Amino acid sequence: MTDPTARYDVLVVGGGNAALCAAITARRAGATVLILESATKDFRGGNSRHTRDIRYMHRAATEFVTDAYGEDEFWQDLSDVTGGATDDRLARLTIRESETLADWMAANGVRWQKPLRGTLHLARSNLFMLGGGKAMINAYYHTAARSGVEIRYETEVQDLEIRNGEFVSAVAAHNGECEQIRSKAIVLAAGGFEANVPWLKEYWGEAAENFIIRGTPNNQGRMLKELLRHGAKAVGDPRGCHAVALDARAPKFDGGIVTRLDSVPFGIVVNREGNRFYDEGEDFWPKRYAIWGKLIAEQAAQIAYSIVDSKALPHFMPSVFPPVGAGSIDKLAAALNLDPAALTAAVEQFNKSVRAGSFDPARLDDCRTAGLEPPKSHWAVRIDTPPYYGYPLRPGITFTYLGLSVDEGARVMMHDGRSAKNIFAAGEIMAGNILGKGYLAGFGLTIGSVFGRIAGREAARYVQS
Ligand SMILES: Cc1cc2nc3c(=O)[nH]c(=O)nc-3n(C[C@H](O)[C@H](O)[C@H](O)COP(=O)(O)OP(=O)(O)OC[C@H]3O[C@@H](n4cnc5c(N)ncnc54)[C@H](O)[C@@H]3O)c2cc1C
């Protein structure tokens, strides 16, 4: 039975994409809804406000996507990156339900734009939001407020009262004051724990101090921890995270999309000792960029350097911070605080191993190295045209994989195998069910939107039952 003393039907914790999709859906289904967002109004929207595009299944080209992207291909792409670390039922559900997202999002205020150059080969599979995630989030807040969803900012949910797997109330802190809020159901859409450096250190040790957090400082994983404490079943590798190669000069938090560097496939990457450590041209960048954060995290002092020459510059998105430049490799090494002899040796060895081919960034070309360890499998072109450029790189964490196990109705699964009656989860906090490892560009929003809508629908259905 639902709580007759509850002031709200559905409490939504979090203020990003998944939270808003849930809140709008629950409200439309007739529920009273309260959103609690720990950020200020200006910084609302969590990591969702940093996004640009969403992956979705579609049967034909439109004004904004260049061709069809069907269920089988979507499934194959997902299987390739997860290597099978996915819940098949939930993954199929996500893919199929994504087909209606374009219309749903547009109906709730989102506008599209044609993909720009340098957008990671996504013109066919992904839709780009006009104005990016910030505009999407603003549109959703506008829709939610207009439809009667109550929204409170600077309000962090700290504790949850849960009895026998049933949510009773939440303790929310605002301006140093705590309030107990009762609702008939709760949707947890509070992101991962990527901004909680002490928690990251439990799995990564001191190295985590050198990680840069690409998104909001508010994703502390408090709701995740609360649920795990109350007996929810965990999913995903606690050490697992989506981490990219980021400009080491980026701010510690919230640098967003612009601090990512896409120069890696067009040169070589060395560590602090001046040694290469991974194949920079293993596959297309959209399929590989998400492994580079972890690769750098495993290097001494969690730093690496992308080295290119002037021929390479037109092939990747310009960086927000200018590259370090020099007329020779040893001068570049000195400017980057690297050993000039070591960097010169790495570049010479690489140049000697490059086999002639026809360079083509649009395909897996035949420009590769021979006899070099590790090899560079594609786009291997001699680094020989000054000026030479270098970018210092650090691991930039996008999100963590540890999350709450859910069923097809977005209900949180408890340790005893039962689904919690009135506790739902959506977005990064449960994405590990579907993405056990790896990443597909634009899929974070897909999972959050699909499960946000399911959570909103099922929470409303529960309170009305
Ligand atoms: C730089 C960057 C670029 C990205 N680009 C893309 C992209 O183009 N496409 C894509 O699909 N994905 C992208 N992602 C991933 C994407 O951002 C996430 O998958 C998605 O936004 C997660 O949505 P969410 O609603 O679960 O979490 P978030 O959007 O992070 O929202 C979590 C919310 O919870 C709030 N919160 C946390 N704890 C509490 C608490 N205790 N009480 C109250 N509120 C709380 C936070 O303030 C925040 O508002 C990107 C991520 C980053 C960092």
# chains A, B, ... in the order shown; residues from 1 in each chain; ligands from 1
>>> residues_near_ligand(ligand="ligand 1", cutoff="6 Å", atoms="only C-alpha atoms and all ligand atoms", output="mmCIF file with C-alpha atoms, in the first residue's frame")
data_model
loop_
_atom_site.group_PDB
_atom_site.id
_atom_site.type_symbol
_atom_site.label_atom_id
_atom_site.label_comp_id
_atom_site.auth_asym_id
_atom_site.auth_seq_id
_atom_site.Cartn_x
_atom_site.Cartn_y
_atom_site.Cartn_z
ATOM 1 C CA VAL A 13 16.670 12.741 -6.842
ATOM 2 C CA GLY A 14 18.980 14.426 -9.352
ATOM 3 C CA GLY A 15 18.538 17.089 -11.967
ATOM 4 C CA GLY A 16 20.111 15.723 -15.157
ATOM 5 C CA ASN A 17 18.678 14.048 -18.240
ATOM 6 C CA ALA A 18 17.442 10.868 -16.551
ATOM 7 C CA ALA A 19 15.787 12.805 -13.718
ATOM 8 C CA LEU A 36 15.669 17.691 -5.753
ATOM 9 C CA GLU A 37 18.841 18.881 -7.468
ATOM 10 C CA SER A 38 22.000 19.493 -5.468
ATOM 11 C CA ALA A 39 23.443 22.001 -7.949
ATOM 12 C CA ARG A 44 21.756 22.418 -12.934
ATOM 13 C CA GLY A 45 21.737 19.428 -15.222
ATOM 14 C CA GLY A 46 24.723 17.381 -14.031
ATOM 15 C CA ASN A 47 26.847 15.811 -16.718
ATOM 16 C CA SER A 48 23.897 15.899 -19.100
ATOM 17 C CA HIS A 50 27.913 18.731 -21.196
ATOM 18 C CA THR A 51 26.525 16.396 -23.861
ATOM 19 C CA ARG A 52 26.163 16.986 -27.573
ATOM 20 C CA ASP A 53 24.486 13.975 -29.117
ATOM 21 C CA ILE A 54 22.327 10.923 -28.539
ATOM 22 C CA THR A 155 19.159 20.594 -2.169
ATOM 23 C CA GLU A 156 21.178 17.464 -1.617
ATOM 24 C CA VAL A 157 19.523 14.240 -0.558
ATOM 25 C CA GLN A 158 21.716 12.778 2.147
ATOM 26 C CA ALA A 189 18.767 9.648 -11.025
ATOM 27 C CA ALA A 190 21.771 11.073 -9.199
ATOM 28 C CA GLY A 191 24.555 9.973 -11.555
ATOM 29 C CA ARG A 214 35.079 16.112 -16.766
ATOM 30 C CA GLY A 215 31.676 16.839 -15.331
ATOM 31 C CA ASN A 218 27.955 17.076 -7.470
ATOM 32 C CA ASN A 219 27.988 13.434 -8.588
ATOM 33 C CA GLN A 220 29.330 12.116 -5.285
ATOM 34 C CA ARG A 222 25.678 9.395 -2.216
ATOM 35 C CA MET A 223 22.457 7.751 -3.408
ATOM 36 C CA GLY A 256 33.212 19.569 -20.233
ATOM 37 C CA ILE A 257 33.665 18.455 -23.807
ATOM 38 C CA THR A 398 33.422 10.877 -17.583
ATOM 39 C CA GLY A 427 20.708 7.065 -15.894
ATOM 40 C CA GLU A 428 24.318 6.641 -14.881
ATOM 41 C CA GLY A 442 25.907 9.030 -27.367
ATOM 42 C CA PHE A 443 24.703 5.950 -25.480
ATOM 43 C CA GLY A 444 24.790 7.500 -21.985
ATOM 44 C CA LEU A 445 21.878 9.743 -22.909
ATOM 45 C CA GLY A 448 19.150 7.707 -19.240
#
>>> closest_atom_pairs(of="region 340-395 of chain A", to="region 241-252 of chain A", cutoff="6 Å", atoms="only C-alpha atoms", output="tab-separated table")
residue	atom	partner	partner_atom	distance
A:Pro392	CA	A:Ala248	CA	5.3
A:Leu393	CA	A:Ala248	CA	4.7
A:Arg394	CA	A:Ala248	CA	4.9
A:Pro395	CA	A:Ala245	CA	5.4
>>> write_last_selection(atoms="C-alpha atoms", output="JSON list (two decimals), in the first residue's frame")
[["chain", "number", "residue", "atom", "x", "y", "z"],
["A", 392, "PRO", "CA", 50.17, 16.95, -21.93],
["A", 393, "LEU", "CA", 47.43, 14.37, -21.24],
["A", 394, "ARG", "CA", 45.71, 13.24, -18.05],
["A", 395, "PRO", "CA", 42.93, 10.71, -17.43]]
>>> select_by_dssp(residues="region 40-121 of chain A", states="helix (DSSP H, G or I)", output="PDB file with N, CA and C atoms, in the first residue's frame")
ATOM      1  N   GLY A  46      23.680  18.407 -14.168  1.00  0.00           N
ATOM      2  CA  GLY A  46      24.723  17.381 -14.031  1.00  0.00           C
ATOM      3  C   GLY A  46      25.606  17.252 -15.256  1.00  0.00           C
ATOM      4  N   ASN A  47      26.000  16.037 -15.554  1.00  0.00           N
ATOM      5  CA  ASN A  47      26.847  15.811 -16.718  1.00  0.00           C
ATOM      6  C   ASN A  47      26.045  15.932 -18.012  1.00  0.00           C
ATOM      7  N   SER A  48      24.732  15.824 -17.892  1.00  0.00           N
ATOM      8  CA  SER A  48      23.897  15.899 -19.100  1.00  0.00           C
ATOM      9  C   SER A  48      24.069  17.241 -19.803  1.00  0.00           C
ATOM     10  N   ARG A  49      24.378  18.285 -19.045  1.00  0.00           N
ATOM     11  CA  ARG A  49      24.504  19.585 -19.711  1.00  0.00           C
ATOM     12  C   ARG A  49      25.777  19.681 -20.539  1.00  0.00           C
ATOM     13  N   HIS A  50      26.687  18.718 -20.391  1.00  0.00           N
ATOM     14  CA  HIS A  50      27.913  18.731 -21.196  1.00  0.00           C
ATOM     15  C   HIS A  50      27.772  17.944 -22.504  1.00  0.00           C
ATOM     16  N   GLU A  71      18.197  -2.046 -35.469  1.00  0.00           N
ATOM     17  CA  GLU A  71      18.394  -2.743 -34.202  1.00  0.00           C
ATOM     18  C   GLU A  71      19.610  -3.673 -34.240  1.00  0.00           C
ATOM     19  N   ASP A  72      19.756  -4.420 -35.330  1.00  0.00           N
ATOM     20  CA  ASP A  72      20.849  -5.403 -35.371  1.00  0.00           C
ATOM     21  C   ASP A  72      22.220  -4.727 -35.346  1.00  0.00           C
ATOM     22  N   GLU A  73      22.336  -3.642 -36.092  1.00  0.00           N
ATOM     23  CA  GLU A  73      23.628  -2.949 -36.125  1.00  0.00           C
ATOM     24  C   GLU A  73      23.932  -2.287 -34.768  1.00  0.00           C
ATOM     25  N   PHE A  74      22.917  -1.711 -34.176  1.00  0.00           N
ATOM     26  CA  PHE A  74      23.044  -1.083 -32.864  1.00  0.00           C
ATOM     27  C   PHE A  74      23.511  -2.160 -31.862  1.00  0.00           C
ATOM     28  N   TRP A  75      22.817  -3.307 -31.922  1.00  0.00           N
ATOM     29  CA  TRP A  75      23.145  -4.418 -31.017  1.00  0.00           C
ATOM     30  C   TRP A  75      24.592  -4.871 -31.221  1.00  0.00           C
ATOM     31  N   GLN A  76      24.990  -4.984 -32.491  1.00  0.00           N
ATOM     32  CA  GLN A  76      26.350  -5.423 -32.800  1.00  0.00           C
ATOM     33  C   GLN A  76      27.383  -4.423 -32.270  1.00  0.00           C
ATOM     34  N   ASP A  77      27.102  -3.146 -32.465  1.00  0.00           N
ATOM     35  CA  ASP A  77      28.024  -2.105 -31.971  1.00  0.00           C
ATOM     36  C   ASP A  77      28.160  -2.192 -30.453  1.00  0.00           C
ATOM     37  N   LEU A  78      27.027  -2.438 -29.789  1.00  0.00           N
ATOM     38  CA  LEU A  78      27.064  -2.534 -28.328  1.00  0.00           C
ATOM     39  C   LEU A  78      27.848  -3.783 -27.903  1.00  0.00           C
ATOM     40  N   SER A  79      27.580  -4.894 -28.581  1.00  0.00           N
ATOM     41  CA  SER A  79      28.282  -6.145 -28.232  1.00  0.00           C
ATOM     42  C   SER A  79      29.787  -5.985 -28.441  1.00  0.00           C
ATOM     43  N   ASP A  80      30.173  -5.271 -29.500  1.00  0.00           N
ATOM     44  CA  ASP A  80      31.605  -5.090 -29.778  1.00  0.00           C
ATOM     45  C   ASP A  80      32.309  -4.368 -28.629  1.00  0.00           C
ATOM     46  N   VAL A  81      31.659  -3.337 -28.074  1.00  0.00           N
ATOM     47  CA  VAL A  81      32.347  -2.577 -27.022  1.00  0.00           C
ATOM     48  C   VAL A  81      32.249  -3.245 -25.652  1.00  0.00           C
ATOM     49  N   THR A  82      31.136  -3.944 -25.394  1.00  0.00           N
ATOM     50  CA  THR A  82      31.001  -4.547 -24.059  1.00  0.00           C
ATOM     51  C   THR A  82      31.639  -5.929 -24.005  1.00  0.00           C
ATOM     52  N   ASP A  88      21.334  -8.758 -21.643  1.00  0.00           N
ATOM     53  CA  ASP A  88      20.737  -8.773 -22.983  1.00  0.00           C
ATOM     54  C   ASP A  88      19.324  -8.174 -23.020  1.00  0.00           C
ATOM     55  N   ARG A  89      18.510  -8.529 -22.025  1.00  0.00           N
ATOM     56  CA  ARG A  89      17.118  -8.057 -22.042  1.00  0.00           C
ATOM     57  C   ARG A  89      17.062  -6.533 -21.920  1.00  0.00           C
ATOM     58  N   LEU A  90      17.833  -6.019 -20.991  1.00  0.00           N
ATOM     59  CA  LEU A  90      17.798  -4.562 -20.772  1.00  0.00           C
ATOM     60  C   LEU A  90      18.425  -3.816 -21.951  1.00  0.00           C
ATOM     61  N   ALA A  91      19.448  -4.436 -22.542  1.00  0.00           N
ATOM     62  CA  ALA A  91      20.108  -3.783 -23.680  1.00  0.00           C
ATOM     63  C   ALA A  91      19.160  -3.737 -24.886  1.00  0.00           C
ATOM     64  N   ARG A  92      18.486  -4.870 -25.172  1.00  0.00           N
ATOM     65  CA  ARG A  92      17.516  -4.893 -26.285  1.00  0.00           C
ATOM     66  C   ARG A  92      16.401  -3.884 -26.046  1.00  0.00           C
ATOM     67  N   LEU A  93      15.942  -3.839 -24.795  1.00  0.00           N
ATOM     68  CA  LEU A  93      14.878  -2.908 -24.433  1.00  0.00           C
ATOM     69  C   LEU A  93      15.335  -1.466 -24.700  1.00  0.00           C
ATOM     70  N   THR A  94      16.556  -1.160 -24.301  1.00  0.00           N
ATOM     71  CA  THR A  94      17.076   0.201 -24.493  1.00  0.00           C
ATOM     72  C   THR A  94      17.118   0.550 -25.979  1.00  0.00           C
ATOM     73  N   ILE A  95      17.635  -0.393 -26.772  1.00  0.00           N
ATOM     74  CA  ILE A  95      17.758  -0.133 -28.210  1.00  0.00           C
ATOM     75  C   ILE A  95      16.374   0.088 -28.826  1.00  0.00           C
ATOM     76  N   ARG A  96      15.445  -0.810 -28.515  1.00  0.00           N
ATOM     77  CA  ARG A  96      14.110  -0.700 -29.144  1.00  0.00           C
ATOM     78  C   ARG A  96      13.394   0.576 -28.708  1.00  0.00           C
ATOM     79  N   GLU A  97      13.459   0.857 -27.422  1.00  0.00           N
ATOM     80  CA  GLU A  97      12.760   2.051 -26.905  1.00  0.00           C
ATOM     81  C   GLU A  97      13.407   3.343 -27.405  1.00  0.00           C
ATOM     82  N   SER A  98      14.658   3.245 -27.868  1.00  0.00           N
ATOM     83  CA  SER A  98      15.322   4.471 -28.332  1.00  0.00           C
ATOM     84  C   SER A  98      14.694   4.990 -29.615  1.00  0.00           C
ATOM     85  N   GLU A  99      13.937   4.119 -30.303  1.00  0.00           N
ATOM     86  CA  GLU A  99      13.371   4.519 -31.598  1.00  0.00           C
ATOM     87  C   GLU A  99      12.412   5.707 -31.450  1.00  0.00           C
ATOM     88  N   THR A 100      11.754   5.815 -30.312  1.00  0.00           N
ATOM     89  CA  THR A 100      10.772   6.898 -30.156  1.00  0.00           C
ATOM     90  C   THR A 100      11.377   8.154 -29.522  1.00  0.00           C
ATOM     91  N   LEU A 101      12.677   8.099 -29.221  1.00  0.00           N
ATOM     92  CA  LEU A 101      13.266   9.218 -28.478  1.00  0.00           C
ATOM     93  C   LEU A 101      13.295  10.533 -29.260  1.00  0.00           C
ATOM     94  N   ALA A 102      13.611  10.433 -30.560  1.00  0.00           N
ATOM     95  CA  ALA A 102      13.751  11.680 -31.332  1.00  0.00           C
ATOM     96  C   ALA A 102      12.460  12.486 -31.266  1.00  0.00           C
ATOM     97  N   ASP A 103      11.336  11.817 -31.456  1.00  0.00           N
ATOM     98  CA  ASP A 103      10.048  12.531 -31.438  1.00  0.00           C
ATOM     99  C   ASP A 103       9.719  13.007 -30.022  1.00  0.00           C
ATOM    100  N   TRP A 104       9.990  12.151 -29.055  1.00  0.00           N
ATOM    101  CA  TRP A 104       9.671  12.514 -27.659  1.00  0.00           C
ATOM    102  C   TRP A 104      10.484  13.733 -27.228  1.00  0.00           C
ATOM    103  N   MET A 105      11.756  13.711 -27.549  1.00  0.00           N
ATOM    104  CA  MET A 105      12.617  14.832 -27.145  1.00  0.00           C
ATOM    105  C   MET A 105      12.179  16.125 -27.828  1.00  0.00           C
ATOM    106  N   ALA A 106      11.876  16.028 -29.129  1.00  0.00           N
ATOM    107  CA  ALA A 106      11.438  17.230 -29.859  1.00  0.00           C
ATOM    108  C   ALA A 106      10.131  17.751 -29.271  1.00  0.00           C
ATOM    109  N   ALA A 107       9.242  16.842 -28.901  1.00  0.00           N
ATOM    110  CA  ALA A 107       7.953  17.261 -28.326  1.00  0.00           C
ATOM    111  C   ALA A 107       8.152  17.942 -26.975  1.00  0.00           C
TER     112      ALA A 107
END
>>> select_by_dssp(residues="region 312-393 of chain A", states="strand (DSSP E)", output="list in words")
Val324, Gly325, Ala326, Tyr388, Tyr389, Gly390, Tyr391, Pro392 and Leu393 of chain A
>>> residues_around(residues="Gly192 (chain A)", least_positions_apart="5", cutoff="8 Å", atoms="only C-alpha atoms", output="PyMOL selection string")
chain A and resi 219-221+224+399-403+428-429
>>> write_last_selection(atoms="N, CA, C and O atoms", output="PDB file, in the first residue's frame")
ATOM      1  N   ASN A 219      28.249  14.878  -8.516  1.00  0.00           N
ATOM      2  CA  ASN A 219      27.988  13.434  -8.588  1.00  0.00           C
ATOM      3  C   ASN A 219      28.911  12.694  -7.632  1.00  0.00           C
ATOM      4  O   ASN A 219      29.941  12.143  -8.006  1.00  0.00           O
ATOM      5  N   GLN A 220      28.522  12.679  -6.366  1.00  0.00           N
ATOM      6  CA  GLN A 220      29.330  12.116  -5.285  1.00  0.00           C
ATOM      7  C   GLN A 220      28.960  10.665  -4.986  1.00  0.00           C
ATOM      8  O   GLN A 220      29.552  10.043  -4.118  1.00  0.00           O
ATOM      9  N   GLY A 221      27.941  10.167  -5.641  1.00  0.00           N
ATOM     10  CA  GLY A 221      27.552   8.761  -5.434  1.00  0.00           C
ATOM     11  C   GLY A 221      26.848   8.508  -4.119  1.00  0.00           C
ATOM     12  O   GLY A 221      26.748   7.372  -3.669  1.00  0.00           O
ATOM     13  N   LEU A 224      23.871   6.139  -4.502  1.00  0.00           N
ATOM     14  CA  LEU A 224      24.362   4.786  -4.797  1.00  0.00           C
ATOM     15  C   LEU A 224      24.806   4.112  -3.498  1.00  0.00           C
ATOM     16  O   LEU A 224      24.420   2.974  -3.203  1.00  0.00           O
ATOM     17  N   PHE A 399      32.414   9.011 -16.375  1.00  0.00           N
ATOM     18  CA  PHE A 399      31.487   8.413 -15.403  1.00  0.00           C
ATOM     19  C   PHE A 399      32.035   7.075 -14.938  1.00  0.00           C
ATOM     20  O   PHE A 399      32.957   6.529 -15.536  1.00  0.00           O
ATOM     21  N   THR A 400      31.430   6.590 -13.861  1.00  0.00           N
ATOM     22  CA  THR A 400      31.843   5.302 -13.284  1.00  0.00           C
ATOM     23  C   THR A 400      30.813   4.219 -13.655  1.00  0.00           C
ATOM     24  O   THR A 400      29.662   4.544 -13.964  1.00  0.00           O
ATOM     25  N   TYR A 401      31.226   2.963 -13.615  1.00  0.00           N
ATOM     26  CA  TYR A 401      30.344   1.868 -14.036  1.00  0.00           C
ATOM     27  C   TYR A 401      29.585   1.197 -12.895  1.00  0.00           C
ATOM     28  O   TYR A 401      28.570   0.551 -13.122  1.00  0.00           O
ATOM     29  N   LEU A 402      30.104   1.288 -11.678  1.00  0.00           N
ATOM     30  CA  LEU A 402      29.414   0.643 -10.562  1.00  0.00           C
ATOM     31  C   LEU A 402      28.024   1.259 -10.418  1.00  0.00           C
ATOM     32  O   LEU A 402      27.892   2.481 -10.419  1.00  0.00           O
ATOM     33  N   GLY A 403      27.009   0.414 -10.304  1.00  0.00           N
ATOM     34  CA  GLY A 403      25.661   0.968 -10.209  1.00  0.00           C
ATOM     35  C   GLY A 403      24.702   0.024  -9.529  1.00  0.00           C
ATOM     36  O   GLY A 403      25.103  -0.984  -8.921  1.00  0.00           O
ATOM     37  N   GLU A 428      22.988   7.195 -15.202  1.00  0.00           N
ATOM     38  CA  GLU A 428      24.318   6.641 -14.881  1.00  0.00           C
ATOM     39  C   GLU A 428      24.299   5.734 -13.666  1.00  0.00           C
ATOM     40  O   GLU A 428      25.105   4.815 -13.567  1.00  0.00           O
ATOM     41  N   ILE A 429      23.394   5.979 -12.756  1.00  0.00           N
ATOM     42  CA  ILE A 429      23.355   5.196 -11.520  1.00  0.00           C
ATOM     43  C   ILE A 429      23.008   3.723 -11.798  1.00  0.00           C
ATOM     44  O   ILE A 429      23.264   2.865 -10.954  1.00  0.00           O
TER      45      ILE A 429
END
>>> residues_around(residues="region 283-299 of chain A", least_positions_apart="6", cutoff="9 Å", atoms="only C-alpha atoms", output="PyMOL selection string")
chain A and resi 81+119-122+204+207-208+210-211+241-246+262+264-265+271-272+277+361-364+377-378+393-397+438-441
>>> write_last_selection(atoms="N, CA, C and O atoms", output="short mmCIF file (atom, residue, chain, number, x, y, z; two decimals), in the first residue's frame")
data_model
loop_
_atom_site.label_atom_id
_atom_site.label_comp_id
_atom_site.auth_asym_id
_atom_site.auth_seq_id
_atom_site.Cartn_x
_atom_site.Cartn_y
_atom_site.Cartn_z
N VAL A 81 31.66 -3.34 -28.07
CA VAL A 81 32.35 -2.58 -27.02
C VAL A 81 32.25 -3.25 -25.65
O VAL A 81 33.16 -3.14 -24.83
N THR A 119 33.06 15.36 -35.60
CA THR A 119 32.19 14.84 -34.54
C THR A 119 32.24 13.32 -34.49
O THR A 119 31.22 12.64 -34.40
N LEU A 120 33.43 12.76 -34.58
CA LEU A 120 33.66 11.34 -34.30
C LEU A 120 32.84 10.38 -35.17
O LEU A 120 32.35 9.37 -34.69
N HIS A 121 32.66 10.69 -36.45
CA HIS A 121 31.99 9.77 -37.39
C HIS A 121 30.59 9.35 -36.91
O HIS A 121 30.21 8.20 -37.03
N LEU A 122 29.82 10.27 -36.39
CA LEU A 122 28.54 9.87 -35.78
C LEU A 122 27.33 10.34 -36.58
O LEU A 122 26.20 10.22 -36.11
N TRP A 204 41.60 2.90 -7.03
CA TRP A 204 42.72 3.36 -7.87
C TRP A 204 43.94 3.80 -7.06
O TRP A 204 44.97 4.16 -7.63
N ALA A 207 46.69 7.27 -7.36
CA ALA A 207 46.59 7.70 -8.77
C ALA A 207 45.34 8.56 -8.99
O ALA A 207 45.35 9.49 -9.80
N ALA A 208 44.27 8.27 -8.25
CA ALA A 208 43.00 8.99 -8.46
C ALA A 208 43.15 10.49 -8.19
O ALA A 208 42.36 11.30 -8.70
N ASN A 210 45.27 12.32 -9.38
CA ASN A 210 45.67 12.96 -10.65
C ASN A 210 44.60 12.87 -11.73
O ASN A 210 44.84 13.27 -12.86
N PHE A 211 43.44 12.30 -11.40
CA PHE A 211 42.37 12.25 -12.39
C PHE A 211 41.69 13.61 -12.46
O PHE A 211 41.56 14.32 -11.46
N CYS A 241 35.59 2.66 -15.19
CA CYS A 241 35.11 4.02 -15.45
C CYS A 241 35.36 4.35 -16.91
O CYS A 241 36.24 3.76 -17.54
N HIS A 242 34.55 5.25 -17.44
CA HIS A 242 34.78 5.77 -18.77
C HIS A 242 35.75 6.93 -18.58
O HIS A 242 35.45 7.89 -17.87
N ALA A 243 36.92 6.81 -19.16
CA ALA A 243 37.92 7.86 -18.95
C ALA A 243 38.66 8.10 -20.25
O ALA A 243 39.09 7.16 -20.92
N VAL A 244 38.79 9.35 -20.62
CA VAL A 244 39.39 9.71 -21.91
C VAL A 244 40.71 10.46 -21.68
O VAL A 244 41.03 10.84 -20.57
N ALA A 245 41.42 10.65 -22.79
CA ALA A 245 42.64 11.47 -22.73
C ALA A 245 42.22 12.93 -22.72
O ALA A 245 41.58 13.41 -23.66
N LEU A 246 42.58 13.61 -21.65
CA LEU A 246 42.15 15.00 -21.49
C LEU A 246 43.37 15.90 -21.47
O LEU A 246 44.44 15.49 -21.01
N ASP A 262 41.68 15.01 -29.35
CA ASP A 262 41.48 13.97 -30.36
C ASP A 262 42.70 13.81 -31.26
O ASP A 262 42.61 13.32 -32.39
N VAL A 264 45.38 11.95 -30.71
CA VAL A 264 46.11 10.68 -30.53
C VAL A 264 46.33 9.87 -31.82
O VAL A 264 47.46 9.45 -32.10
N PRO A 265 45.30 9.63 -32.65
CA PRO A 265 45.52 8.78 -33.83
C PRO A 265 46.46 9.39 -34.87
O PRO A 265 46.91 8.70 -35.78
N ASN A 271 54.96 8.25 -22.58
CA ASN A 271 54.80 8.52 -21.14
C ASN A 271 55.93 9.44 -20.66
O ASN A 271 56.72 9.95 -21.46
N ARG A 272 56.02 9.61 -19.35
CA ARG A 272 56.98 10.56 -18.77
C ARG A 272 58.43 10.18 -19.11
O ARG A 272 59.30 11.00 -19.18
N PHE A 277 53.41 3.44 -25.37
CA PHE A 277 52.89 2.33 -24.58
C PHE A 277 51.64 1.68 -25.14
O PHE A 277 51.12 0.71 -24.59
N PRO A 361 42.13 9.42 -43.14
CA PRO A 361 41.53 9.40 -41.79
C PRO A 361 40.11 8.86 -41.78
O PRO A 361 39.60 8.49 -40.73
N ALA A 362 39.45 8.80 -42.96
CA ALA A 362 38.06 8.36 -43.00
C ALA A 362 37.92 6.84 -43.01
O ALA A 362 36.82 6.31 -42.95
N ARG A 363 39.03 6.11 -43.20
CA ARG A 363 38.93 4.66 -43.16
C ARG A 363 40.12 4.07 -42.41
O ARG A 363 41.07 4.78 -42.09
N LEU A 364 40.05 2.77 -42.14
CA LEU A 364 41.17 2.09 -41.48
C LEU A 364 42.22 1.90 -42.56
O LEU A 364 42.24 0.89 -43.26
N SER A 377 48.78 0.74 -35.98
CA SER A 377 48.15 -0.08 -37.02
C SER A 377 47.57 0.71 -38.18
O SER A 377 47.39 0.16 -39.27
N HIS A 378 47.19 1.95 -37.95
CA HIS A 378 46.64 2.79 -39.03
C HIS A 378 47.10 4.23 -38.82
O HIS A 378 47.48 4.60 -37.72
N LEU A 393 48.72 15.06 -21.39
CA LEU A 393 47.43 14.37 -21.24
C LEU A 393 47.27 13.80 -19.84
O LEU A 393 48.22 13.25 -19.28
N ARG A 394 46.05 13.88 -19.33
CA ARG A 394 45.71 13.24 -18.05
C ARG A 394 44.45 12.40 -18.25
O ARG A 394 43.67 12.66 -19.17
N PRO A 395 44.20 11.44 -17.35
CA PRO A 395 42.93 10.71 -17.43
C PRO A 395 41.78 11.64 -17.05
O PRO A 395 41.84 12.30 -16.01
N GLY A 396 40.79 11.71 -17.89
CA GLY A 396 39.61 12.53 -17.60
C GLY A 396 38.42 11.60 -17.42
O GLY A 396 37.97 10.95 -18.36
N ILE A 397 37.89 11.56 -16.20
CA ILE A 397 36.79 10.62 -15.92
C ILE A 397 35.46 11.20 -16.35
O ILE A 397 35.11 12.33 -15.98
N GLY A 438 33.40 -0.63 -21.67
CA GLY A 438 33.45 0.05 -22.97
C GLY A 438 32.42 1.17 -23.04
O GLY A 438 31.72 1.47 -22.07
N TYR A 439 32.31 1.77 -24.22
CA TYR A 439 31.34 2.85 -24.38
C TYR A 439 31.03 3.06 -25.85
O TYR A 439 31.87 2.85 -26.71
N LEU A 440 29.81 3.44 -26.12
CA LEU A 440 29.39 3.83 -27.46
C LEU A 440 29.01 5.31 -27.37
O LEU A 440 28.16 5.66 -26.55
N ALA A 441 29.62 6.13 -28.20
CA ALA A 441 29.34 7.57 -28.12
C ALA A 441 27.83 7.83 -28.22
O ALA A 441 27.16 7.27 -29.09
#
>>> residues_around(residues="Asp9 (chain A)", least_positions_apart="6", cutoff="6 Å", atoms="only C-alpha atoms", output="ChimeraX atom specification")
/A:31-32,183-184
>>> residues_around(residues="region 146-149 of chain A", least_positions_apart="5", cutoff="8 Å", atoms="only C-alpha atoms", output="JSON, numbers by chain")
{"A": [23, 24, 27, 28, 32, 33, 34, 35]}
>>> atom_distance(atom1="CA of Glu166 (chain A)", atom2="CA of Ile454 (chain A)")
18.8 Å
>>> closest_atom_pairs(of="region 342-443 of chain A", to="region 309-327 of chain A", cutoff="6 Å", atoms="only C-alpha atoms", output="JSON lines")
{"residue": "A:Ile383", "atom": "CA", "partner": "A:Asp309", "partner_atom": "CA", "distance": 5.6}
{"residue": "A:Thr385", "atom": "CA", "partner": "A:Asp309", "partner_atom": "CA", "distance": 5.6}
{"residue": "A:Pro386", "atom": "CA", "partner": "A:Gly327", "partner_atom": "CA", "distance": 5.5}
{"residue": "A:Pro387", "atom": "CA", "partner": "A:Gly327", "partner_atom": "CA", "distance": 4.7}
{"residue": "A:Tyr388", "atom": "CA", "partner": "A:Asp309", "partner_atom": "CA", "distance": 4.3}
{"residue": "A:Tyr389", "atom": "CA", "partner": "A:Gly325", "partner_atom": "CA", "distance": 4.4}
{"residue": "A:Gly390", "atom": "CA", "partner": "A:Val324", "partner_atom": "CA", "distance": 5.2}
{"residue": "A:Tyr391", "atom": "CA", "partner": "A:Pro323", "partner_atom": "CA", "distance": 5.5}
